[in-house]
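K.L.:
The structure follows.
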Amino acid sequence: MAKVYTFANQKGGVGKTTSVVNISAFLAAQGCSALVVDVDPQANATSSLGLEEHLAESLKSGDEATVYHALIEGAPVSQIIQTTRRPRLHLVPSSPALAGAEVELVGMLARETLLRKALAPVLRHYDYVMIDTPPSLGLLTVNALTAADGGVIIPVQCEYLALEGLGQLLRTVNLVRDSLNPRLTIAGVVLTMYDTRTRLSQEVADEVRRYFPKQVFKTVIPRNVRLSEAPSFGETILTYSPGSAGALAYGALTDELLGRQV
């Protein structure tokens with residue numbers, strides 16, 4: 001049965017999608033079966049894994065099935081899953097149509113648990129499920145947190161105001177744990193976009209470690225141009241630039257995540 005992790009931070013541009021797709025790629029490279037679930041209307045995980053064509057068709061005709069159809073129309077996730085360029089790495093794609101789902105979900109029964117119920121039939125086919133969320137704390141993110149039995153992973157960029165809004169995220173996590181998902185924990189905090197040339201990065205890293213004394217991963221993700229370039233080619237860092245500092249960091253982070261489960 002799959003271990004389900006949700007990556008969340010309502011602050012945008014902190015490395016959620018980058019972490020989801022690259023950790024998943026390294027898990028697949030180690031022989032694990034991984035499913036990425038893209039519940040962000042921006043669909044960055046979908047395009048980062050080379051599904052631009054699927055995304056384009058969804059935009060053009062609306063006929064291509066995405067996570068929107070699973071949540072709103074009850075379409076089986078098994079019929080939505082797409083293969084990627086990497087063996088053992090699959091994707092439940094998103095599309096901009098998901099932007100309207102927040103409004104549509106409001107009137108639905110058990111609206112916070114729709115994603116968990118949709119994923120339940122396919123969990124036995126995977127070792128890991130990684131959920132990418134939008135930069136908000138709305139119903140899509142709440143659904144993702146409710147589905148996470150492995151916990152929530154919080155990427156935090158090593159830049160000014162890094163901790164801004166994290167208190168609200170933690171309150172949401174506690175609320176979901178108390179009322180919807182008693183198994184929800186903080187599985188880890190990932191420091192991203194670390195710049196060794198600046199004192200600010202070190203100061204922010206120290207501040208985050210004080211705020212999360214036990215949860216911060218030892219592996220720090222550096223600011224790396226290869227990590228920024230890879231999505232534009234529909235590739236993960238593992239295939240785009242396997243020897244880069246970004247690839248080495250995500251490889252080490254994946255090992256650390258696996259080590260925490262022992």
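Chains: A, B, ... in order of the structure tokens. Residues: from 1 per chain. Ligands: from 1, in order shown.
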Give me every helix (DSSP H, G or I) residue in stretch 92-124 of chain A, going by DSSP on the backbone, as a list in words.

P.N.:
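Put together, the selection reads Pro96, Ala97, Leu98, Ala99, Gly100, Ala101, Glu102, Val103, Glu104, Leu105, Val106, Arg111, Glu112, Thr113, Leu114, Leu115, Arg116, Lys117, Ala118, Leu119, Ala120, Pro121, Val122, Leu123 and Arg124 of chain A.
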
K.L.:
Quick one: residues within 12 Å of A:Ser94, only C-alpha atoms counted, chain neighbours fewer than 2 positions away excluded, as a ChimeraX atom specification?

P.N.:
/A:36-49,51-52,54-59,62,64-71,80-82,91-92,96-99,101,131-134,140

K.L.:
Please provide as a VMD selection string all residues within 9 Å of A:Tyr250, with the sequence filter that same-chain residues fewer than 3 positions apart are discarded (counting only C-alpha atoms).

P.N.:
chain A and resid 19 22 to 23 26 219 to 221 237 to 238 245 to 247 253 to 255

K.L.:
For the atom pair atom CA of A:Thr146 and atom CA of A:Ser179, what is the interatomic distance in Å to one decimal place?

P.N.:
9.4 Å

K.L.:
Give the answer as one residue: which of A:Thr185, A:Thr141, A:Asn9, A:Ser33 has the shortest atom-to-atom distance to A:Ala162, using only C-alpha atoms?

P.N.:
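Nearest to A:Ala162: A:Asn9.
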
K.L.:
Which of these, A:Arg199, A:His90, A:Arg209, A:Arg124, has the shortest distance to A:Leu163 once you count only C-alpha atoms?

P.N.:
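That would be A:Arg209, the residue with the smallest distance to A:Leu163.
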
K.L.:
For A:Val156, which residue out of A:Gly234, A:Gly31, A:Gly12, A:Gly50 is the nearest one, using only C-alpha atoms?

P.N.:
A:Gly12

K.L.:
Which residues, written as a PyMOL selection string, have at least one atom at most 9 Å from stretch 116-120 of chain A, with only C-alpha atoms counted and residues fewer than 3 positions away on the same chain left out?

P.N.:
chain A and resi 70-71+74-78+112-113+123-124+143-144+146-148

K.L.:
Select, from A:Pro213, A:Lys3, A:Glu229, A:Gln10, the residue with the minimum atom-to-atom distance to A:Leu169, counting only C-alpha atoms.

P.N.:
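Of A:Pro213, A:Lys3, A:Glu229, A:Gln10, the one nearest A:Leu169 is A:Gln10, counting only C-alpha atoms.
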
K.L.:
One decimal, Å: what's the distance from atom CA of A:His125 over to atom CA of A:Leu257, could you say?

P.N.:
20.4 Å

K.L.:
As a ChimeraX atom specification, list the residues of stretch 92-228 of chain A assigned to strand (DSSP E) by DSSP on the backbone atoms of this structure.

P.N.:
/A:92,128-132,151-157,186-194,216-222

K.L.:
Quote the spacing between atom CA of A:Gly188 and atom CA of A:Glu102 in Å to one decimal place.

P.N.:
27.0 Å

K.L.:
Tell me which of A:Met130, A:Tyr194, A:Asn224, A:Glu207 sits closest to A:Glu164, counting only C-alpha atoms.

P.N.:
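Nearest to A:Glu164: A:Glu207.
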